[in-house]
file final-v8.cif (mmCIF, C-alpha atoms (C1' of nucleotides))
data_protein
#
loop_
_atom_site.label_atom_id
_atom_site.label_comp_id
_atom_site.auth_asym_id
_atom_site.auth_seq_id
_atom_site.Cartn_x
_atom_site.Cartn_y
_atom_site.Cartn_z
CA MET A 1 10.64 11.83 -14.74
CA PRO A 2 8.08 11.51 -12.14
CA GLU A 3 9.07 10.52 -8.65
CA LEU A 4 6.68 9.86 -5.83
CA PRO A 5 5.51 13.48 -5.37
CA GLU A 6 4.69 13.83 -9.06
CA VAL A 7 2.89 10.48 -9.13
CA GLU A 8 0.94 11.34 -6.00
CA THR A 9 0.05 14.75 -7.42
CA THR A 10 -1.15 12.98 -10.56
CA ARG A 11 -3.17 10.51 -8.48
CA ARG A 12 -4.90 13.28 -6.56
CA GLY A 13 -5.55 15.16 -9.77
CA ILE A 14 -7.21 12.32 -11.63
CA GLU A 15 -9.08 10.70 -8.73
CA PRO A 16 -12.14 12.99 -8.65
CA TRP A 17 -12.61 12.70 -12.41
CA LEU A 18 -12.50 8.91 -12.38
CA VAL A 19 -14.05 7.50 -9.23
CA GLY A 20 -17.68 6.50 -9.71
CA HIS A 21 -17.46 6.91 -13.48
CA ARG A 22 -18.02 4.22 -16.05
CA ILE A 23 -15.37 3.56 -18.68
CA GLU A 24 -17.01 3.87 -22.11
CA GLN A 25 -14.00 2.80 -24.12
CA VAL A 26 -10.25 2.57 -24.13
CA ILE A 27 -8.37 3.81 -27.18
CA VAL A 28 -4.86 2.42 -27.57
CA ARG A 29 -2.98 4.29 -30.30
CA ASP A 30 0.38 2.73 -29.55
CA ARG A 31 0.79 -0.42 -27.51
CA ARG A 32 4.58 -0.22 -27.50
CA LEU A 33 5.27 0.93 -23.98
CA ARG A 34 7.88 -0.68 -21.73
CA TRP A 35 5.72 -3.75 -21.89
CA PRO A 36 3.10 -3.90 -24.61
CA VAL A 37 -0.33 -2.77 -23.50
CA PRO A 38 -2.28 -6.06 -23.35
CA ARG A 39 -4.52 -6.51 -26.37
CA ALA A 40 -7.31 -7.55 -24.05
CA LEU A 41 -7.07 -4.42 -21.86
CA PRO A 42 -9.64 -2.24 -23.67
CA ALA A 43 -12.27 -4.98 -23.60
CA ARG A 44 -11.53 -5.74 -19.95
CA LEU A 45 -12.01 -2.12 -18.88
CA ARG A 46 -14.91 -1.23 -21.14
CA GLY A 47 -18.15 -0.99 -19.21
CA SER A 48 -16.48 -1.16 -15.81
CA THR A 49 -16.81 1.47 -13.12
CA VAL A 50 -13.82 3.02 -11.37
CA LYS A 51 -13.87 2.30 -7.66
CA ALA A 52 -10.65 3.96 -6.51
CA VAL A 53 -7.40 5.44 -7.71
CA GLY A 54 -4.54 4.24 -5.56
CA ARG A 55 -0.78 4.34 -5.63
CA ARG A 56 1.93 1.89 -4.62
CA ALA A 57 5.45 3.26 -5.01
CA LYS A 58 5.35 5.05 -8.39
CA TYR A 59 2.64 2.78 -9.77
CA LEU A 60 -0.89 4.16 -10.12
CA LEU A 61 -3.64 1.63 -9.48
CA ILE A 62 -6.96 2.32 -11.15
CA ALA A 63 -9.30 -0.11 -9.44
CA THR A 64 -12.53 -0.99 -11.20
CA ASP A 65 -15.27 -3.53 -10.55
CA THR A 66 -13.69 -5.91 -13.08
CA GLY A 67 -10.01 -5.53 -12.24
CA THR A 68 -7.19 -3.05 -11.77
CA ALA A 69 -5.19 -1.10 -14.31
CA ILE A 70 -1.54 -0.74 -13.26
CA LEU A 71 0.04 2.36 -14.75
CA HIS A 72 3.60 3.66 -14.48
CA LEU A 73 4.73 7.01 -15.90
CA GLY A 74 8.34 5.96 -16.49
CA MET A 75 10.70 8.87 -17.12
CA SER A 76 8.58 11.03 -19.37
CA GLY A 77 4.98 10.01 -18.87
CA SER A 78 2.10 12.22 -17.83
CA LEU A 79 -1.65 11.91 -17.46
CA ARG A 80 -4.14 14.59 -18.37
CA VAL A 81 -7.88 14.76 -17.92
CA MET A 82 -9.57 16.49 -20.83
CA ASP A 83 -12.59 16.48 -23.09
CA ALA A 84 -12.47 13.27 -25.09
CA THR A 85 -13.02 15.17 -28.33
CA VAL A 86 -9.74 17.09 -28.04
CA PRO A 87 -7.51 15.85 -30.89
CA PRO A 88 -4.58 13.78 -29.64
CA LEU A 89 -1.02 15.04 -29.94
CA ALA A 90 2.18 13.12 -30.56
CA HIS A 91 2.82 10.44 -27.92
CA ASP A 92 -0.76 10.44 -26.66
CA HIS A 93 -0.71 6.64 -26.57
CA VAL A 94 -3.86 5.76 -24.63
CA ASP A 95 -7.23 7.35 -23.83
CA ILE A 96 -9.52 5.98 -21.15
CA VAL A 97 -12.85 7.51 -22.13
CA LEU A 98 -15.37 8.07 -19.35
CA ASP A 99 -19.16 8.36 -19.31
CA SER A 100 -18.72 12.05 -18.48
CA GLY A 101 -17.36 12.77 -21.95
CA ARG A 102 -13.91 13.34 -20.54
CA CYS A 103 -10.95 11.08 -20.94
CA LEU A 104 -7.79 10.19 -19.10
CA ARG A 105 -5.02 10.65 -21.67
CA PHE A 106 -1.65 8.95 -21.23
CA ASN A 107 1.23 10.71 -22.95
CA ASP A 108 4.73 9.26 -22.82
CA PRO A 109 7.36 10.34 -25.38
CA ARG A 110 10.04 7.90 -24.28
CA ARG A 111 7.62 5.01 -23.74
CA PHE A 112 9.34 3.83 -20.55
CA GLY A 113 5.98 3.79 -18.83
CA CYS A 114 3.53 0.92 -18.82
CA LEU A 115 -0.18 0.13 -18.65
CA LEU A 116 -1.15 -3.35 -17.50
CA PHE A 117 -4.27 -5.00 -16.16
CA THR A 118 -4.85 -7.56 -13.46
CA THR A 119 -7.96 -9.22 -12.11
CA GLY A 120 -6.16 -10.29 -8.96
CA ASP A 121 -4.77 -8.37 -6.01
CA PRO A 122 -2.54 -5.75 -7.67
CA LEU A 123 -0.25 -5.68 -4.63
CA ARG A 124 0.65 -9.29 -5.43
CA HIS A 125 1.42 -8.53 -9.05
CA ARG A 126 5.03 -9.45 -9.80
CA LEU A 127 6.00 -5.80 -10.32
CA LEU A 128 4.64 -4.79 -6.92
CA ALA A 129 5.05 -7.87 -4.76
CA ASP A 130 8.63 -7.29 -3.64
CA LEU A 131 8.53 -3.54 -3.06
CA ALA A 132 9.71 -2.11 0.25
CA VAL A 133 7.70 0.18 2.53
CA GLU A 134 6.08 3.46 1.54
CA PRO A 135 8.18 6.41 2.75
CA LEU A 136 5.15 8.32 4.01
CA SER A 137 3.76 5.41 6.01
CA GLN A 138 4.27 4.52 9.65
CA GLU A 139 6.14 1.40 8.56
CA PHE A 140 9.03 3.48 7.22
CA ASP A 141 11.18 2.94 10.27
CA SER A 142 14.74 4.17 10.60
CA ASP A 143 15.91 1.28 12.77
CA ALA A 144 14.63 -1.23 10.23
CA LEU A 145 16.31 0.71 7.42
CA TRP A 146 19.54 0.85 9.42
CA ARG A 147 19.45 -2.90 10.01
CA HIS A 148 18.78 -3.44 6.32
CA ALA A 149 21.93 -1.43 5.55
CA ARG A 150 24.22 -3.56 7.72
CA GLY A 151 27.19 -4.72 5.71
CA ARG A 152 26.06 -2.95 2.54
CA ARG A 153 28.89 -1.33 0.61
CA THR A 154 26.72 0.34 -1.98
CA SER A 155 26.43 4.12 -1.67
CA ILE A 156 23.75 5.55 0.60
CA LYS A 157 22.27 7.31 -2.42
CA ALA A 158 21.90 4.11 -4.43
CA PHE A 159 20.61 2.43 -1.27
CA ILE A 160 17.72 4.86 -0.71
CA MET A 161 16.88 4.73 -4.43
CA ASP A 162 16.63 0.94 -4.27
CA SER A 163 12.97 -0.08 -4.11
CA ARG A 164 13.91 -2.93 -1.78
CA SER A 165 14.97 -0.34 0.84
CA VAL A 166 12.15 2.18 0.51
CA VAL A 167 10.04 3.07 -2.52
CA GLY A 168 9.42 6.35 -4.29
CA VAL A 169 12.78 8.06 -3.79
CA GLY A 170 14.14 8.95 -7.21
CA ASN A 171 17.14 10.88 -8.40
CA ILE A 172 15.98 14.37 -7.43
CA TYR A 173 14.70 13.64 -3.95
CA ALA A 174 17.56 11.28 -3.10
CA SER A 175 20.02 14.14 -3.63
CA GLU A 176 17.78 16.60 -1.79
CA ALA A 177 17.15 14.36 1.22
CA LEU A 178 20.86 13.59 1.57
CA PHE A 179 21.65 17.31 1.46
CA ARG A 180 19.10 18.05 4.14
CA ALA A 181 20.43 15.18 6.24
CA GLY A 182 24.02 16.39 5.80
CA ILE A 183 25.13 13.04 4.43
CA ARG A 184 27.61 12.69 1.57
CA PRO A 185 25.94 10.68 -1.23
CA GLY A 186 28.94 8.41 -1.81
CA LEU A 187 29.12 7.19 1.77
CA ALA A 188 28.64 3.43 2.03
CA ALA A 189 25.13 2.61 3.26
CA GLY A 190 26.58 0.32 5.91
CA LYS A 191 28.65 3.17 7.33
CA VAL A 192 25.69 5.41 8.15
CA SER A 193 25.14 5.47 11.90
CA ARG A 194 21.80 4.66 13.48
CA GLU A 195 21.42 8.31 14.50
CA ARG A 196 22.15 9.67 11.03
CA MET A 197 19.81 7.11 9.46
CA ALA A 198 17.05 8.42 11.72
CA ILE A 199 17.72 11.95 10.47
CA LEU A 200 17.77 10.74 6.88
CA VAL A 201 14.40 9.05 7.28
CA MET A 202 12.95 12.30 8.65
CA ARG A 203 14.41 14.28 5.76
CA ILE A 204 13.10 11.87 3.13
CA ARG A 205 9.63 12.20 4.62
CA GLU A 206 10.00 15.95 4.83
CA VAL A 207 11.21 16.55 1.28
CA LEU A 208 8.57 14.27 -0.27
CA THR A 209 5.80 15.87 1.78
CA GLU A 210 6.91 19.40 0.90
CA ALA A 211 7.15 18.49 -2.78
CA ILE A 212 3.66 16.99 -2.81
CA GLY A 213 2.44 20.19 -1.18
CA VAL A 214 3.52 22.26 -4.17
CA GLY A 215 2.63 19.75 -6.86
CA GLY A 216 6.04 18.14 -7.35
CA THR A 217 9.05 19.23 -9.40
CA THR A 218 8.92 20.25 -13.04
CA LEU A 219 12.34 20.21 -14.68
CA ARG A 220 11.30 19.87 -18.30
CA ASP A 221 7.99 18.36 -19.22
CA TYR A 222 6.13 17.21 -16.13
CA VAL A 223 2.60 18.56 -15.79
CA ASP A 224 -0.22 17.57 -13.47
CA PRO A 225 -3.56 16.32 -14.83
CA SER A 226 -4.80 19.86 -15.37
CA GLY A 227 -1.66 20.84 -17.24
CA MET A 228 0.06 22.73 -14.42
CA PRO A 229 3.75 22.33 -13.60
CA GLY A 230 5.02 21.54 -10.11
CA TYR A 231 6.73 24.30 -8.15
CA PHE A 232 9.24 22.40 -6.03
CA ARG A 233 12.06 23.26 -8.40
CA GLN A 234 12.45 26.60 -6.64
CA LYS A 235 13.03 24.74 -3.38
CA LEU A 236 15.80 22.48 -4.62
CA PHE A 237 19.04 22.88 -2.67
CA VAL A 238 21.34 20.81 -4.89
CA TYR A 239 19.63 18.98 -7.76
CA ASP A 240 20.51 20.50 -11.14
CA ARG A 241 22.55 23.22 -9.38
CA ALA A 242 26.10 22.11 -10.26
CA GLY A 243 28.51 25.06 -10.24
CA GLN A 244 26.09 27.27 -8.34
CA PRO A 245 26.63 28.35 -4.73
CA CYS A 246 25.13 26.25 -1.96
CA ARG A 247 22.04 27.97 -0.64
CA LYS A 248 23.29 27.44 2.90
CA CYS A 249 27.06 27.98 2.82
CA ARG A 250 27.83 29.36 -0.68
CA THR A 251 30.26 26.50 -1.43
CA THR A 252 30.04 25.45 -5.08
CA ILE A 253 27.63 22.56 -5.60
CA ARG A 254 29.33 19.57 -7.15
CA GLN A 255 27.99 16.97 -9.55
CA TYR A 256 29.26 13.55 -10.46
CA VAL A 257 27.89 10.36 -11.94
CA GLN A 258 27.11 7.59 -9.51
CA ALA A 259 25.56 4.33 -10.65
CA GLN A 260 24.79 5.96 -14.04
CA ARG A 261 22.84 8.79 -12.41
CA SER A 262 23.85 12.40 -11.84
CA THR A 263 24.39 13.15 -8.18
CA TYR A 264 24.52 16.67 -6.76
CA TRP A 265 25.93 17.60 -3.38
CA CYS A 266 27.61 20.25 -1.26
CA PRO A 267 31.06 19.15 -0.09
CA HIS A 268 30.86 21.51 2.90
CA CYS A 269 27.35 20.72 4.18
CA GLN A 270 27.51 16.97 3.53
CA ARG A 271 30.01 14.68 5.24
"C1'" DA B 1 23.95 -12.20 -2.32
"C1'" DT B 2 25.51 -7.94 -3.95
"C1'" DG B 3 26.98 -4.46 -6.95
"C1'" DG B 4 27.36 -2.64 -11.30
"C1'" DG B 5 26.16 -1.97 -15.99
"C1'" DC B 6 22.83 -2.16 -19.85
"C1'" DA B 7 18.71 -1.71 -22.12
"C1'" DC B 8 14.44 0.36 -23.44
"C1'" DC B 9 13.14 5.43 -26.38
"C1'" DT B 10 12.48 10.32 -27.89
"C1'" DG B 11 13.45 15.16 -27.64
"C1'" DG B 12 15.94 19.14 -26.24
"C1'" DC B 13 20.07 21.44 -25.64
"C1'" DT B 14 25.16 22.36 -26.49
"C1'" DG B 15 29.01 23.08 -29.06
"C1'" DC B 16 31.54 22.62 -33.17
"C1'" DT C 1 21.87 26.52 -40.08
"C1'" DG C 2 23.07 21.59 -39.43
"C1'" DC C 3 24.24 17.93 -37.10
"C1'" DA C 4 26.64 14.89 -33.89
"C1'" DG C 5 26.86 14.03 -29.17
"C1'" DC C 6 25.19 14.15 -24.67
"C1'" DC C 7 21.74 14.21 -21.25
"C1'" DA C 8 17.15 13.38 -18.97
"C1'" DG C 9 12.09 12.69 -12.76
"C1'" DG C 10 12.82 4.81 -13.91
"C1'" DT C 11 13.66 0.18 -13.25
"C1'" DG C 12 13.87 -4.75 -14.65
"C1'" DC C 13 17.21 -7.79 -15.91
"C1'" DC C 14 21.76 -9.83 -16.85
"C1'" DC C 15 26.40 -10.60 -15.62
"C1'" DA C 16 30.57 -11.10 -12.73
#

call {"tool": "encode", "arguments": {"input": "final-v8.cif", "output": "structure tokens"}}
result
Amino acid sequence: MPELPEVETTRRGIEPWLVGHRIEQVIVRDRRLRWPVPRALPARLRGSTVKAVGRRAKYLLIATDTGTAILHLGMSGSLRVMDATVPPLAHDHVDIVLDSGRCLRFNDPRRFGCLLFTTGDPLRHRLLADLAVEPLSQEFDSDALWRHARGRRTSIKAFIMDSRSVVGVGNIYASEALFRAGIRPGLAAGKVSRERMAILVMRIREVLTEAIGVGGTTLRDYVDPSGMPGYFRQKLFVYDRAGQPCRKCRTTIRQYVQAQRSTYWCPHCQR
DNA sequence: ATGGGCACCTGGCTGC
DNA sequence: TGCAGCCAGGTGCCCA
């Protein structure tokens, strides 16, 4: 579920509870995530102190003095900080118990998430090494993105969701950014002009920043580490609004499946 | 090289 | 009420 704004909201929510704290123990109730939680992970983390909580794309990086835990929320994952004595519920797969008596609890019904550990530079881990630029960084440059799109026949929507173009743009915010940029989602990436690509880059930045500002989007089950939903849903122009009137021009919002994902758009506002 | 499709998994909702 | 069918915030990998 979570896209970049939800992951960043999660990062900000857990950071103050983790940094500077010692990990007392790690309880793995179910190792069967997208990749099995390494058997050695609890022992590797036990006794270490959390130095920082970072993020690269949608991966959370919990850096400790013995190595870094790499955590992805997949489609349905969420992290909560709570008293370690609170009884676990279904799908509470992992607890990272801190010296404060609290724990970081990883819940993931669909188990598409992962929890891995590396002693090396996490940015060189095979899952992270080939990722494109962060959308909220200076390096996210529209001319570079435009050049990268030369000759590409894939749709602009699939293109901006491809982590080799830019990271962090998932199904909700891809539709929303394209609406704001006035670009039809099915347009070939290679057909987007330099000028329109510059607008698109601005809109991607804008929509992600606004979403982070209100704690992300909750459609079904996403909650932040304190259990609160995100409020960006009220700001969505097209996502999950098929059949409803466009909030700008009242034209009926359309939905179709593109590369196995639902795409929402306004045929009047987007060309 | 690029694009497209599949797989992984559970739960919630819809419609018969 | 029951149940089959469909859908879901991701992404690595395989195939043509």

call {"tool": "resolve_selection", "arguments": {"input": "final-v8.cif", "expression": "the PyMOL selection byres ((chain B and resi 4-16) around 12)", "output": "NGL selection string"}}
result
(:A and (32-35 or 74-77 or 90-91 or 108-114 or 154-155 or 158 or 220-221 or 258-261)) or (:B and (2-3)) or (:C and (2-8 or 10-16))

call {"tool": "resolve_selection", "arguments": {"input": "final-v8.cif", "expression": "the PyMOL selection byres ((chain A and resi 135-146) around 9)", "output": "list in words"}}
result
Ala57, Ala132, Val133, Glu134, Arg147, His148, Ala149, Arg150, Ser165, Val166, Val167, Gly168, Val169, Ala189, Gly190, Val192, Ser193, Arg194, Glu195, Met197, Ala198, Ile199, Leu200, Val201, Met202, Ile204, Arg205, Leu208 and Thr209 of chain A

call {"tool": "atom_distance", "arguments": {"input": "final-v8.cif", "atom1": "atom CA of A:Glu206", "atom2": "atom CA of A:Leu79"}}
result
25.5 Å

call {"tool": "interface_residues", "arguments": {"input": "final-v8.cif", "of": "chain A", "to": "chain C", "cutoff": "10 Å", "atoms": "all atoms listed in the file", "output": "PyMOL selection string"}}
result
chain A and resi 1-6+58+72-77+112-113+127+162-163+170-173+216-222+261-262

call {"tool": "write_last_selection", "arguments": {"input": "final-v8.cif", "atoms": "C-alpha atoms", "output": "PDB file, in the coordinates of the input"}}
result
ATOM      1  CA  MET A   1      10.640  11.830 -14.740  1.00  0.00           C
ATOM      2  CA  PRO A   2       8.080  11.510 -12.140  1.00  0.00           C
ATOM      3  CA  GLU A   3       9.070  10.520  -8.650  1.00  0.00           C
ATOM      4  CA  LEU A   4       6.680   9.860  -5.830  1.00  0.00           C
ATOM      5  CA  PRO A   5       5.510  13.480  -5.370  1.00  0.00           C
ATOM      6  CA  GLU A   6       4.690  13.830  -9.060  1.00  0.00           C
ATOM      7  CA  LYS A  58       5.350   5.050  -8.390  1.00  0.00           C
ATOM      8  CA  HIS A  72       3.600   3.660 -14.480  1.00  0.00           C
ATOM      9  CA  LEU A  73       4.730   7.010 -15.900  1.00  0.00           C
ATOM     10  CA  GLY A  74       8.340   5.960 -16.490  1.00  0.00           C
ATOM     11  CA  MET A  75      10.700   8.870 -17.120  1.00  0.00           C
ATOM     12  CA  SER A  76       8.580  11.030 -19.370  1.00  0.00           C
ATOM     13  CA  GLY A  77       4.980  10.010 -18.870  1.00  0.00           C
ATOM     14  CA  PHE A 112       9.340   3.830 -20.550  1.00  0.00           C
ATOM     15  CA  GLY A 113       5.980   3.790 -18.830  1.00  0.00           C
ATOM     16  CA  LEU A 127       6.000  -5.800 -10.320  1.00  0.00           C
ATOM     17  CA  ASP A 162      16.630   0.940  -4.270  1.00  0.00           C
ATOM     18  CA  SER A 163      12.970  -0.080  -4.110  1.00  0.00           C
ATOM     19  CA  GLY A 170      14.140   8.950  -7.210  1.00  0.00           C
ATOM     20  CA  ASN A 171      17.140  10.880  -8.400  1.00  0.00           C
ATOM     21  CA  ILE A 172      15.980  14.370  -7.430  1.00  0.00           C
ATOM     22  CA  TYR A 173      14.700  13.640  -3.950  1.00  0.00           C
ATOM     23  CA  GLY A 216       6.040  18.140  -7.350  1.00  0.00           C
ATOM     24  CA  THR A 217       9.050  19.230  -9.400  1.00  0.00           C
ATOM     25  CA  THR A 218       8.920  20.250 -13.040  1.00  0.00           C
ATOM     26  CA  LEU A 219      12.340  20.210 -14.680  1.00  0.00           C
ATOM     27  CA  ARG A 220      11.300  19.870 -18.300  1.00  0.00           C
ATOM     28  CA  ASP A 221       7.990  18.360 -19.220  1.00  0.00           C
ATOM     29  CA  TYR A 222       6.130  17.210 -16.130  1.00  0.00           C
ATOM     30  CA  ARG A 261      22.840   8.790 -12.410  1.00  0.00           C
ATOM     31  CA  SER A 262      23.850  12.400 -11.840  1.00  0.00           C
TER      32      SER A 262
END

call {"tool": "resolve_selection", "arguments": {"input": "final-v8.cif", "expression": "the PyMOL selection byres ((chain A and resi 265) around 8)", "output": "PyMOL selection string"}}
result
chain A and resi 175+179+184-185+238-239+253-255+263-264+266-267+270

call {"tool": "write_last_selection", "arguments": {"input": "final-v8.cif", "atoms": "C-alpha atoms", "output": "PDB file, in the coordinates of the input"}}
result
ATOM      1  CA  SER A 175      20.020  14.140  -3.630  1.00  0.00           C
ATOM      2  CA  PHE A 179      21.650  17.310   1.460  1.00  0.00           C
ATOM      3  CA  ARG A 184      27.610  12.690   1.570  1.00  0.00           C
ATOM      4  CA  PRO A 185      25.940  10.680  -1.230  1.00  0.00           C
ATOM      5  CA  VAL A 238      21.340  20.810  -4.890  1.00  0.00           C
ATOM      6  CA  TYR A 239      19.630  18.980  -7.760  1.00  0.00           C
ATOM      7  CA  ILE A 253      27.630  22.560  -5.600  1.00  0.00           C
ATOM      8  CA  ARG A 254      29.330  19.570  -7.150  1.00  0.00           C
ATOM      9  CA  GLN A 255      27.990  16.970  -9.550  1.00  0.00           C
ATOM     10  CA  THR A 263      24.390  13.150  -8.180  1.00  0.00           C
ATOM     11  CA  TYR A 264      24.520  16.670  -6.760  1.00  0.00           C
ATOM     12  CA  CYS A 266      27.610  20.250  -1.260  1.00  0.00           C
ATOM     13  CA  PRO A 267      31.060  19.150  -0.090  1.00  0.00           C
ATOM     14  CA  GLN A 270      27.510  16.970   3.530  1.00  0.00           C
TER      15      GLN A 270
END
